[in-house]
Structures are given as C-alpha cells and as structure tokens.
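Shown here: start19.csv, CSV, C-alpha atoms and all ligand atoms.
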```csv
chain,number,residue,atom,x,y,z
A,9,MET,CA,121.2,145.4,95.7
A,10,SER,CA,117.5,145.2,95.0
A,11,LYS,CA,116.3,142.8,92.2
A,12,ASN,CA,113.8,143.9,89.6
A,13,ARG,CA,111.3,141.1,90.4
A,14,PRO,CA,110.5,138.7,93.2
A,15,GLU,CA,112.5,135.5,93.2
A,16,PRO,CA,111.6,132.2,94.9
A,17,LYS,CA,113.8,131.1,97.8
A,18,PRO,CA,117.0,129.1,96.9
A,19,GLY,CA,116.4,125.7,95.5
A,20,ILE,CA,112.8,126.2,94.2
A,21,LEU,CA,113.9,126.7,90.6
A,22,ASN,CA,116.0,123.5,90.7
A,23,ILE,CA,112.9,121.4,91.4
A,24,ALA,CA,111.6,119.4,88.4
A,25,ALA,CA,107.8,119.9,88.4
A,26,TYR,CA,105.7,116.7,88.7
A,27,VAL,CA,104.5,115.4,85.3
A,28,PRO,CA,101.2,113.5,85.7
A,29,GLY,CA,100.4,110.6,83.5
A,30,LYS,CA,99.0,111.7,80.2
A,31,SER,CA,95.3,111.2,79.5
A,32,ALA,CA,94.8,112.2,75.8
A,33,ALA,CA,94.6,110.0,72.8
A,34,PRO,CA,93.9,110.9,69.1
A,35,ALA,CA,90.6,112.6,68.6
A,36,GLY,CA,87.6,110.3,68.1
A,37,ILE,CA,89.1,107.2,69.8
A,38,LYS,CA,87.7,105.9,73.0
A,39,THR,CA,90.5,106.1,75.6
A,40,ALA,CA,91.4,103.8,78.4
A,41,LYS,CA,93.5,105.7,80.9
A,42,LEU,CA,95.9,103.2,82.4
A,43,SER,CA,98.5,105.8,83.4
A,44,SER,CA,97.7,106.9,86.9
A,45,ASN,CA,96.8,103.8,88.9
A,46,GLU,CA,93.2,104.8,89.2
A,47,SER,CA,90.6,102.1,90.0
A,48,PRO,CA,89.0,100.3,87.1
A,49,LEU,CA,85.9,99.7,89.3
A,50,GLY,CA,85.5,103.3,90.3
A,51,PRO,CA,84.3,104.4,93.7
A,52,SER,CA,81.8,102.8,96.1
A,53,ARG,CA,78.1,103.4,95.1
A,54,SER,CA,77.5,104.8,98.6
A,55,ALA,CA,80.3,107.4,98.1
A,56,VAL,CA,78.6,108.6,95.0
A,57,ASP,CA,75.3,108.8,96.8
A,58,ALA,CA,76.9,110.7,99.6
A,59,LEU,CA,78.1,113.3,97.1
A,60,GLY,CA,74.5,113.6,95.7
A,61,ALA,CA,73.3,114.4,99.2
A,62,LEU,CA,75.6,117.4,99.6
A,63,ASN,CA,73.6,119.8,97.4
A,64,ASN,CA,72.3,122.6,99.6
A,65,ASN,CA,75.3,123.3,101.9
A,66,LEU,CA,77.8,124.5,99.4
A,67,HIS,CA,78.1,127.9,101.0
A,68,GLU,CA,79.3,126.4,104.3
A,69,TYR,CA,83.0,125.8,105.1
A,70,PRO,CA,83.8,122.2,105.7
A,71,ASP,CA,84.5,120.9,109.2
A,72,ALA,CA,88.0,122.1,109.7
A,73,SER,CA,89.0,118.9,111.6
A,74,ALA,CA,87.3,116.5,109.2
A,75,SER,CA,86.2,114.7,112.3
A,76,GLN,CA,83.6,112.5,110.7
A,77,LEU,CA,86.1,111.2,108.1
A,78,ARG,CA,88.8,110.7,110.7
A,79,GLN,CA,86.3,108.7,112.9
A,80,ALA,CA,85.2,106.6,109.9
A,81,ILE,CA,88.8,105.7,109.1
A,82,ALA,CA,89.5,105.0,112.8
A,83,ASP,CA,86.5,102.7,113.0
A,84,THR,CA,87.4,100.8,109.9
A,85,HIS,CA,91.0,100.2,110.9
A,86,GLY,CA,90.6,100.0,114.6
A,87,LEU,CA,92.6,103.1,115.4
A,88,ASN,CA,92.2,106.1,117.6
A,89,ALA,CA,90.9,109.1,115.6
A,90,ASP,CA,93.2,111.4,117.5
A,91,ASN,CA,96.1,109.8,115.7
A,92,ILE,CA,94.7,110.4,112.3
A,93,ILE,CA,95.1,113.5,110.2
A,94,CYS,CA,93.5,114.0,106.7
A,95,GLY,CA,94.9,115.9,103.7
A,96,ASN,CA,94.0,117.1,100.3
A,97,GLY,CA,95.4,113.9,98.9
A,98,SER,CA,98.3,112.2,100.6
A,99,ASP,CA,100.5,114.5,98.6
A,100,ASP,CA,99.3,117.3,101.0
A,101,LEU,CA,100.4,115.3,104.0
A,102,LEU,CA,103.8,114.5,102.5
A,103,SER,CA,104.2,118.2,101.8
A,104,MET,CA,103.2,119.0,105.4
A,105,LEU,CA,105.6,116.5,106.8
A,106,ALA,CA,108.5,118.0,104.8
A,107,ASN,CA,107.6,121.5,105.8
A,108,ALA,CA,107.3,120.6,109.5
A,109,TYR,CA,110.5,118.5,109.7
A,110,LEU,CA,112.9,119.8,107.0
A,111,GLY,CA,114.7,123.0,106.4
A,112,PRO,CA,117.9,124.3,104.7
A,113,GLY,CA,120.9,122.2,105.6
A,114,ASP,CA,118.8,119.1,106.3
A,115,GLU,CA,118.7,116.0,104.2
A,116,ALA,CA,115.9,113.5,103.5
A,117,ILE,CA,116.4,110.1,101.9
A,118,HIS,CA,114.3,108.4,99.2
A,119,THR,CA,115.1,105.4,97.1
A,120,GLU,CA,116.4,105.4,93.5
A,121,HIS,CA,113.0,104.7,91.8
A,122,GLY,CA,110.9,106.1,94.6
A,123,PHE,CA,107.7,108.2,94.1
A,124,LEU,CA,108.7,111.5,92.3
A,125,TYR,CA,106.8,113.7,94.7
A,126,TYR,CA,109.3,113.1,97.4
A,127,PRO,CA,112.2,115.2,95.8
A,128,ILE,CA,109.6,117.9,95.2
A,129,VAL,CA,108.5,118.3,98.8
A,130,ILE,CA,112.1,117.9,100.1
A,131,GLY,CA,113.3,120.6,97.7
A,132,ALA,CA,110.4,122.9,98.5
A,133,ALA,CA,111.2,122.7,102.2
A,134,GLY,CA,114.8,123.9,101.3
A,135,ALA,CA,116.4,120.5,102.2
A,136,LYS,CA,118.5,118.2,100.1
A,137,ALA,CA,117.2,114.9,98.7
A,138,VAL,CA,119.7,112.0,99.1
A,139,ILE,CA,119.0,109.0,96.8
A,140,ALA,CA,119.5,105.4,98.0
A,141,LYS,CA,120.2,102.9,95.3
A,142,GLU,CA,117.7,100.0,94.8
A,143,LYS,CA,118.5,96.4,94.1
A,144,ASP,CA,116.5,94.8,91.3
A,145,CYS,CA,113.9,97.6,91.5
A,146,GLN,CA,113.5,97.0,95.2
A,147,ALA,CA,114.3,99.3,98.1
A,148,ASP,CA,117.5,98.2,99.8
A,149,VAL,CA,117.6,98.8,103.5
A,150,ASP,CA,121.4,98.7,103.7
A,151,ALA,CA,121.7,101.3,100.9
A,152,ILE,CA,119.2,103.5,102.7
A,153,LEU,CA,121.1,103.2,106.0
A,154,ALA,CA,124.4,104.0,104.3
A,155,CYS,CA,122.8,107.3,103.2
A,156,VAL,CA,122.0,108.4,106.8
A,157,SER,CA,124.1,111.2,108.1
A,158,GLU,CA,123.8,113.7,111.0
A,159,LYS,CA,121.8,115.9,108.6
A,160,THR,CA,119.2,113.3,107.9
A,161,ARG,CA,115.7,114.2,109.2
A,162,ILE,CA,113.3,112.1,107.2
A,163,VAL,CA,113.4,108.8,105.3
A,164,PHE,CA,110.5,108.5,102.7
A,165,LEU,CA,109.7,104.9,101.8
A,166,ALA,CA,106.9,104.0,99.5
A,167,ASN,CA,105.8,100.5,100.4
A,168,PRO,CA,104.8,99.1,97.9
A,169,ASN,CA,106.7,101.5,95.7
A,170,ASN,CA,105.4,103.3,92.7
A,171,PRO,CA,106.4,102.8,89.8
A,172,THR,CA,108.1,99.5,90.5
A,173,GLY,CA,105.3,97.7,92.4
A,174,THR,CA,107.8,96.0,94.7
A,175,TYR,CA,107.5,96.0,98.5
A,176,LEU,CA,109.7,95.5,101.5
A,177,PRO,CA,108.5,92.7,103.9
A,178,ASN,CA,107.7,93.7,107.5
A,179,SER,CA,111.0,92.3,108.8
A,180,GLN,CA,113.0,94.6,106.5
A,181,VAL,CA,111.0,97.7,107.4
A,182,ARG,CA,111.6,96.9,111.0
A,183,ARG,CA,115.3,96.4,110.4
A,184,LEU,CA,115.4,99.8,108.7
A,185,HIS,CA,113.4,101.4,111.6
A,186,GLU,CA,115.6,99.9,114.3
A,187,ALA,CA,118.8,101.1,112.7
A,188,LEU,CA,117.6,104.7,112.3
A,189,PRO,CA,118.4,107.3,114.9
A,190,ARG,CA,115.4,108.0,117.0
A,191,ASP,CA,115.2,111.6,115.9
A,192,VAL,CA,114.9,110.6,112.2
A,193,LEU,CA,111.3,110.4,110.9
A,194,LEU,CA,110.4,107.3,108.9
A,195,VAL,CA,107.5,108.1,106.5
A,196,ILE,CA,105.9,104.9,105.2
A,197,ASP,CA,103.8,105.8,102.1
A,198,ALA,CA,101.3,102.9,101.9
A,199,ALA,CA,99.2,104.2,99.0
A,200,TYR,CA,98.7,100.7,97.6
A,201,ALA,CA,98.5,98.8,100.9
A,202,GLU,CA,95.0,97.4,100.3
A,203,TYR,CA,96.2,95.6,97.2
A,204,VAL,CA,99.0,93.7,98.8
A,205,GLN,CA,98.3,90.0,99.3
A,206,ARG,CA,101.4,88.9,101.2
A,207,ASN,CA,101.7,87.5,104.7
A,208,ASP,CA,105.0,89.2,105.3
A,209,TYR,CA,103.6,92.7,104.5
A,210,GLU,CA,102.5,95.2,107.1
A,211,SER,CA,101.3,98.7,106.0
A,212,GLY,CA,103.0,100.5,108.9
A,213,LEU,CA,100.1,100.7,111.4
A,214,GLU,CA,102.0,98.5,113.9
A,215,LEU,CA,105.3,100.5,113.6
A,216,VAL,CA,103.4,103.8,114.1
A,217,SER,CA,101.6,102.5,117.1
A,218,ASN,CA,104.7,101.4,118.9
A,219,ASN,CA,107.1,104.2,118.1
A,220,GLU,CA,107.5,108.0,118.2
A,221,ASN,CA,109.3,108.4,114.8
A,222,VAL,CA,107.1,106.7,112.3
A,223,VAL,CA,104.2,108.0,110.1
A,224,MET,CA,102.1,106.0,107.7
A,225,THR,CA,100.3,107.8,104.8
A,226,ARG,CA,97.3,106.3,102.9
A,227,THR,CA,95.1,107.5,100.1
A,228,PHE,CA,91.5,107.3,98.8
A,229,SER,CA,92.9,107.9,95.3
A,230,LYS,CA,93.7,104.3,94.5
A,231,ILE,CA,91.6,101.4,95.8
A,232,HIS,CA,88.8,103.7,96.9
A,233,GLY,CA,88.5,105.2,93.4
A,234,LEU,CA,88.2,108.8,94.6
A,235,ALA,CA,91.3,110.4,93.1
A,236,SER,CA,89.3,113.4,91.8
A,237,LEU,CA,88.3,114.4,95.4
A,238,ARG,CA,91.8,114.4,96.7
A,239,ILE,CA,91.7,112.6,100.1
A,240,GLY,CA,94.6,111.2,102.0
A,241,TRP,CA,95.2,110.4,105.6
A,242,ALA,CA,98.1,109.8,107.9
A,243,TYR,CA,98.4,107.7,111.1
A,244,ALA,CA,101.0,109.2,113.4
A,245,PRO,CA,102.0,109.7,117.0
A,246,ALA,CA,100.3,112.5,118.8
A,247,HIS,CA,103.3,114.8,118.8
A,248,ILE,CA,103.5,114.6,115.0
A,249,ILE,CA,99.8,115.2,114.6
A,250,ASP,CA,100.2,118.2,116.7
A,251,ALA,CA,103.0,119.6,114.6
A,252,LEU,CA,101.1,119.0,111.3
A,253,ASN,CA,97.9,120.6,112.6
A,254,ARG,CA,99.9,123.8,113.3
A,255,ILE,CA,100.8,124.2,109.6
A,256,ARG,CA,97.8,122.5,108.0
A,257,GLY,CA,95.6,124.6,105.8
A,258,PRO,CA,92.5,125.1,108.0
A,259,PHE,CA,90.0,123.6,105.5
A,260,ASN,CA,92.4,121.4,103.5
A,261,VAL,CA,89.8,118.6,103.1
A,262,ASN,CA,86.6,119.8,101.5
A,263,SER,CA,83.0,118.8,102.3
A,264,ALA,CA,82.7,116.6,99.2
A,265,ALA,CA,85.8,114.7,100.2
A,266,ILE,CA,84.6,114.3,103.8
A,267,ALA,CA,81.2,113.0,102.7
A,268,ALA,CA,82.4,110.6,100.0
A,269,GLY,CA,85.4,109.4,102.0
A,270,THR,CA,83.4,108.6,105.0
A,271,ALA,CA,81.1,106.4,102.9
A,272,ALA,CA,83.9,104.9,100.9
A,273,ILE,CA,86.0,103.7,103.9
A,274,ALA,CA,83.0,102.0,105.4
A,275,ASP,CA,82.2,100.1,102.2
A,276,THR,CA,84.6,97.2,102.8
A,277,ALA,CA,82.7,95.0,100.4
A,278,HIS,CA,83.6,97.3,97.5
A,279,VAL,CA,87.3,97.4,98.6
A,280,GLN,CA,87.2,93.6,98.7
A,281,ASN,CA,85.8,93.5,95.1
A,282,CYS,CA,88.6,95.7,93.9
A,283,VAL,CA,91.1,93.4,95.6
A,284,ILE,CA,89.5,90.3,93.9
A,285,HIS,CA,89.6,92.0,90.5
A,286,ASN,CA,93.2,92.9,91.0
A,287,ASN,CA,94.1,89.4,92.2
A,288,GLU,CA,92.7,88.0,89.0
A,289,TRP,CA,94.2,90.4,86.5
A,290,LEU,CA,97.5,91.4,88.0
A,291,PRO,CA,99.0,87.9,87.5
A,292,TRP,CA,97.2,87.4,84.2
A,293,VAL,CA,98.5,90.5,82.5
A,294,SER,CA,102.0,89.9,84.0
A,295,GLU,CA,102.1,86.3,82.7
A,296,GLN,CA,100.8,87.2,79.3
A,297,LEU,CA,103.4,89.9,78.8
A,298,GLU,CA,106.2,87.6,80.0
A,299,LYS,CA,105.1,85.0,77.5
A,300,ILE,CA,105.7,87.4,74.6
A,301,GLY,CA,109.2,88.3,75.8
A,302,LEU,CA,108.6,91.4,77.9
A,303,LYS,CA,110.0,91.6,81.4
A,304,VAL,CA,107.6,92.6,84.2
A,305,THR,CA,108.8,93.6,87.6
A,306,PRO,CA,106.9,91.4,90.1
A,307,SER,CA,104.2,93.8,91.5
A,308,VAL,CA,102.0,93.7,94.6
A,309,GLY,CA,100.1,96.8,93.6
A,310,ASN,CA,97.4,97.6,91.0
A,311,PHE,CA,100.0,98.3,88.3
A,312,ILE,CA,103.0,96.8,86.6
A,313,LEU,CA,106.3,98.0,85.3
A,314,ILE,CA,106.9,96.6,81.8
A,315,HIS,CA,110.5,96.6,80.5
A,316,PHE,CA,111.0,96.6,76.8
A,317,PRO,CA,114.0,94.7,75.2
A,318,GLY,CA,115.7,97.6,73.5
A,319,GLU,CA,116.1,99.6,70.3
A,320,LYS,CA,113.9,97.5,68.0
A,321,TYR,CA,111.2,97.1,70.6
A,322,SER,CA,111.4,100.4,72.6
A,323,ALA,CA,109.0,101.6,75.2
A,324,ASP,CA,108.6,104.7,73.1
A,325,ALA,CA,107.4,102.8,70.1
A,326,ALA,CA,105.1,100.6,72.2
A,327,ASP,CA,103.7,103.8,73.8
A,328,ASN,CA,103.0,105.4,70.4
A,329,LEU,CA,101.2,102.2,69.2
A,330,LEU,CA,99.1,101.8,72.3
A,331,THR,CA,98.2,105.5,72.3
A,332,SER,CA,97.2,105.4,68.7
A,333,LYS,CA,94.6,102.8,69.7
A,334,GLY,CA,93.5,104.7,72.8
A,335,TYR,CA,95.4,102.9,75.5
A,336,ILE,CA,97.3,105.4,77.6
A,337,LEU,CA,100.2,103.9,79.7
A,338,ARG,CA,102.7,105.8,81.7
A,339,ALA,CA,106.2,106.7,80.4
A,340,VAL,CA,108.6,106.4,83.3
A,341,THR,CA,111.8,108.0,82.0
A,342,GLY,CA,111.6,110.5,84.9
A,343,TYR,CA,111.7,107.6,87.3
A,344,GLY,CA,115.0,106.3,85.7
A,345,PHE,CA,113.3,103.8,83.4
A,346,PRO,CA,113.7,105.1,79.8
A,347,ASN,CA,112.8,101.8,78.3
A,348,ALA,CA,109.8,100.8,80.4
A,349,LEU,CA,106.1,101.7,80.7
A,350,ARG,CA,103.9,101.5,83.7
A,351,MET,CA,100.4,100.0,83.2
A,352,THR,CA,97.5,100.2,85.6
A,353,ILE,CA,95.6,97.0,85.9
A,354,GLY,CA,92.3,97.9,84.1
A,355,THR,CA,89.0,96.3,83.3
A,356,GLU,CA,89.0,92.9,81.7
A,357,GLU,CA,88.5,94.3,78.3
A,358,GLU,CA,91.3,96.9,78.7
A,359,ASN,CA,93.7,94.3,80.0
A,360,GLN,CA,93.0,91.9,77.1
A,361,SER,CA,93.4,94.7,74.6
A,362,VAL,CA,96.7,95.9,75.9
A,363,VAL,CA,98.0,92.3,75.8
A,364,GLU,CA,96.8,91.9,72.2
A,365,ILE,CA,98.3,95.1,71.0
A,366,LEU,CA,101.7,94.4,72.7
A,367,THR,CA,101.6,90.9,71.3
A,368,MET,CA,101.3,92.4,67.8
A,369,PHE,CA,104.0,94.9,68.7
A,370,MET,CA,106.5,92.2,69.7
A,371,LYS,CA,105.8,90.2,66.5
A,372,GLY,CA,106.9,93.3,64.7
A,373,SER,CA,103.6,94.0,63.0
A,374,ASN,CA,103.1,97.5,64.4
A,375,SER,CA,99.9,98.4,62.8
B,401,LIG,C1,99.2,107.7,94.0
B,401,LIG,C2,100.2,107.8,95.1
B,401,LIG,C3,100.0,108.6,96.2
B,401,LIG,C4,98.7,109.2,96.4
B,401,LIG,O1,98.6,110.5,96.2
B,401,LIG,P1,97.2,111.3,96.5
B,401,LIG,O2,97.8,112.6,96.7
B,401,LIG,O3,96.7,110.7,97.8
B,401,LIG,O4,96.4,111.1,95.3
B,401,LIG,C5,101.0,108.6,97.2
B,401,LIG,N1,102.1,107.9,97.1
B,401,LIG,C6,102.3,107.1,96.0
B,401,LIG,C7,103.6,106.3,96.0
B,401,LIG,C8,101.4,107.0,95.0
B,401,LIG,O5,101.7,106.2,93.9
```
Take the structure from the file and write it as structure tokens.
Amino acid sequence: MSKNRPEPKPGILNIAAYVPGKSAAPAGIKTAKLSSNESPLGPSRSAVDALGALNNNLHEYPDASASQLRQAIADTHGLNADNIICGNGSDDLLSMLANAYLGPGDEAIHTEHGFLYYPIVIGAAGAKAVIAKEKDCQADVDAILACVSEKTRIVFLANPNNPTGTYLPNSQVRRLHEALPRDVLLVIDAAYAEYVQRNDYESGLELVSNNENVVMTRTFSKIHGLASLRIGWAYAPAHIIDALNRIRGPFNVNSAAIAAGTAAIADTAHVQNCVIHNNEWLPWVSEQLEKIGLKVTPSVGNFILIHFPGEKYSADAADNLLTSKGYILRAVTGYGFPNALRMTIGTEEENQSVVEILTMFMKGSNS
C-alpha cells in the first residue's frame, strides 16, 4: 500500500538529534561561552590573515582533494599525505566512516558516556549502537571487548573522551586493538590530543601506521580555534582512504577552511601557547572547585566535568545562576550526567569568575 508522504528509512526517527551547547544568556549581559570546548585564545593570526587573502576567488570551487591542507597536516605530523583525508569537521569523517562500514544488521560500539555524535552516525547508517559501560567515567577495555559480537563492524573510542575528559593510556588502547577481530574497525577520535600532557598517551598515529583496521580522527575546532570553518582530518590506511573518497562529498572542505587550516597547522607556536594556557588553568580551576566541595573528573582535555552534590546544590541551579551572570556551561544530562556540568577552560578572567560564582553558590548565597 502506498503511503501518503515520504518516510525516512527505518531507524532514522529513533535518532535523538544532537543538541549543541547553548550560547545565549540574558539580554544585555556579556557572555562567556564555555559550553563547546572552543579555544579561549582563538585561532592563529596567520590563519586569520589567510582568510583575508581569499577575497577574489569566491566564485571558484575549492580544490576537491584539499591537497594543500593535507600536505600541511602531513608536514607538521611527519605523515604521508596520501593517508590523510579531510572533512567538513571531523563529524563529517565520522559520518563517512559509518556510511562506508555500517549497514542494517551491523553493530557499532561506543562507550557509556562517549561523544553523542556516534549513536547518530551509527543509527543514520541503519546499524545498531551497542553501549559499553565505563568505570569511574573512563572507557573500560574489557567492557568494550565484552560487547564485541559477530555483528560488530566499528568501535568508536574518543581518546580523550568528551564530556568526561578522561583518557586511555597507550597500553590499554593497544590491548583493545589486539583483542579486536581484524575485520573490526577501531576509530580513535583524538579531538583533544594536542592538550594531553601524559607520557603514556598516544593519539593513534602509531596504531594507524602499523595496522589495517585503525583510523584516527582529529579536528581544527578545538586547539586550532577554527570551529566555525568546520575542518577535520583522518589518518587511515590506504584502503580506508579509498573507501571514504568514494562516498565523500566532492567539495566537502571549502576554500576558507583549506586556506585557514593550512596556515593554522603550521603555526606550532600558537598551538604551544594554547597548551601552556591550558596547563596553567586546567589544574587551577579543577583544584579550586574541589576545594569548595565539588567533584571534578580528572581531565586531560581543555574542559572539565563538574559533579554537583545533589538536590540542594544541583547542576540545574548552578547552571541557572551562572547563566544569569553570562557564563554558559554545558548541561550533560544527555550524556548520562543529570547532576553535572561541563566547563571549557576559558580565559583567566572567565575561569576566575566561574570559580567565584560557584563558590558563592556552594555557600548557599545564590544571588
Ligand atoms: C568537538 C569534538 C569533535 C570535533 O568535531 P568537529 O566536527 O571537528 O568540530 C569530535 N569528537 C569529539 C569527541 C569532540 O568533542
């Protein structure tokens, strides 16, 4: 029987649409947006200059292979540009990976508090998301392995993870990879890799180089401060690059993104400044909040997950107070944390103000 209007394929209407961090505060108040893990230091000056130089070629399509950008990424990281593919944000690449390797009847695994775009791309490809429990807000390799079945095609692992800020050391990622069947793709989403200051961390470059079933994704949205331009990249074995190129939108990375991204990735001094800023303020904010009785999950990223003690001091009430003063944090109920907020490490002034407001809040004088 024919239906009276088009319907999406099975599963699409079961997907919960992604809800971005809010950005609005009451009218007239200067806002500090600490809800989307954007860089408080903004982009490299040379990236902004590269955008200014674009001006008279707006009628031309971008280079469909983004070769200049891929080469710049390859040069900075010491990789072969043939093993790099760029996307309209790393979200674009995650979606391509799901579309290329998942279909109805397949399963893909992500962790309990993993990045919420994974279930979306899995569902959109017609496959089933299988959720592996975490331990103390950390991915648990044994729990992930226990979820592997004959139907498993992809494991999505954010390392470090958002919104928890925790990471798996290299030894654990290797253990996970070694125990996976060789026809299961391990996608390591290393959106925050640059911020991690741990000797036992590896972003995934090494695993990709030595295996046929690992992909690492990275982004210009976080440390490079270019979220508005939507630039992501993946490092992958040739056969995976080939598959993705067959389904990639021909001009998925625009000319502004190519120009600014090329300049940004070469500006390692700016990246280093961002790391230094984060190294200073991540521990400071975490310690100050612990001092006033809040629990902060130990983070290696540019954000922290703040847990509130309960009814009297709820995340909701804290969120309302912060918002009324122009500080926008991220509610994370959708991530399974109804009584927590995620805060991006901001500028010195922003960090101090949030600590001040939350100190007042915890003293019970919510005004
Ligand atoms: C921010 C983020 C991304 C990046 O997305 P883009 O599409 O590149 O902006 C990817 N994965 C995780 C875990 C993130 O937090």
Residues contacting ligand LIG 401 (chain B) - anything with an atom at most 6 Å away, using all atoms listed in the file - can you give me those as a VMD selection string? chain A and resid 97 to 99 123 166 169 to 170 197 199 227 229 235 238 to 240
For Trp241 of chain A, which residue out of A:Ala80, A:Leu42, A:Leu49, A:Val363 is the nearest one, using all atoms listed in the file? A:Ala80
Taking 2 positions as the minimum chain separation for residues in the same chain, which residues sit within 7 Å of Ala135 of chain A when counting all atoms listed in the file? Answer as a short mmCIF file (atom, residue, chain, number, x, y, z; two decimals) with C-alpha atoms, in the frame of the given file.
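Contents of the output file result.cif:
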```
data_model
loop_
_atom_site.label_atom_id
_atom_site.label_comp_id
_atom_site.auth_asym_id
_atom_site.auth_seq_id
_atom_site.Cartn_x
_atom_site.Cartn_y
_atom_site.Cartn_z
CA LEU A 110 112.90 119.80 107.00
CA GLY A 111 114.70 123.00 106.40
CA PRO A 112 117.90 124.30 104.70
CA GLY A 113 120.90 122.20 105.60
CA ASP A 114 118.80 119.10 106.30
CA GLU A 115 118.70 116.00 104.20
CA ILE A 130 112.10 117.90 100.10
CA GLY A 131 113.30 120.60 97.70
CA ALA A 133 111.20 122.70 102.20
CA ALA A 137 117.20 114.90 98.70
#
```
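When all atoms listed in the file are used to compute distances to Asp71 of chain A, the closest of the residues A:Gly372, A:Pro258, A:Gly301, A:Gly269 turns out to be A:Pro258.
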Using all atoms listed in the file - which residues lie no farther than 10 Å from the point (99.9, 97.9, 95.9) in the file's frame? Write them as an MDAnalysis selection string. chainID A and resid 45 166:170 172:175 198:205 230:231 283 286 307:312
Give as a list in words the set of residues within 9 Å of the point (99.0, 99.4, 73.6), where distances use the file's coordinates and only C-alpha atoms.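 Here is the list of nearby residues: Ala326, Asp327, Asn328, Leu329, Leu330, Thr331, Ser332, Lys333, Gly334, Tyr335, Ile336, Leu337, Ser361, Val362, Val363, Glu364, Ile365, Leu366 and Phe369 of chain A.
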For Ala187 of chain A, the closest of A:Ala154, A:Leu87, A:Leu313, A:Leu62 counting all atoms listed in the file is A:Ala154
I'd like the contact shell of Thr84 of chain A - 9 Å cut-off, all atoms listed in the file, skipping same-chain residues fewer than 3 positions apart - returned as a PyMOL selection string. chain A and resi 79-81+87+273-274+276
Could you tell me how far atom CA of Trp289 of chain A lies from atom CA of Ser47 of chain A, in Å and to one decimal? 12.7 Å
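If you measure from each of A:Ile93, A:Ala242, A:Leu124, A:Ile117 to Gly342 of chain A using only C-alpha atoms, the closest one turns out to be A:Leu124.
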Of the listed residues A:Val195, A:Arg182, A:Gly134, A:Cys145, that which approaches Val163 of chain A most closely, counting all atoms listed in the file: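 Closest to Val163 of chain A, using all atoms listed in the file: A:Val195.
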In Å, rounded to a single decimal, give me how far atom CA of Arg190 of chain A is from atom CA of Arg254 of chain A. 22.4 Å
So how far away is atom CA of Ser43 of chain A from atom CA of Arg206 of chain A, in Å?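 Separation of atom CA of Arg206 of chain A and atom CA of Ser43 of chain A: 24.7 Å.
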Of the listed residues A:Pro291, A:Ala106, A:Met224, A:Gly344, that which approaches Lys141 of chain A most closely, counting only C-alpha atoms: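 When distances to Lys141 of chain A are compared using only C-alpha atoms, the smallest one comes from A:Gly344.
Within 7 Å of Leu194 of chain A, once all atoms listed in the file are used and residues closer than 5 positions along the same chain are dropped, the contacting residues are Ile162, Val163, Phe164, Asn221, Val222 and Val223 of chain A.
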Identify, on the basis of all atoms listed in the file, every residue whose closest approach to Gly50 of chain A does not exceed 8 Å; exclude the query and any residue fewer than 5 positions from it along the same chain; express the result as a list in words.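 Contacts, in chain order: His232, Gly233 and Leu234 of chain A.
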Near-Gly257 of chain A list (12 Å; only C-alpha atoms; drop same-chain fewer than 4 positions) as a count of residues only: 14
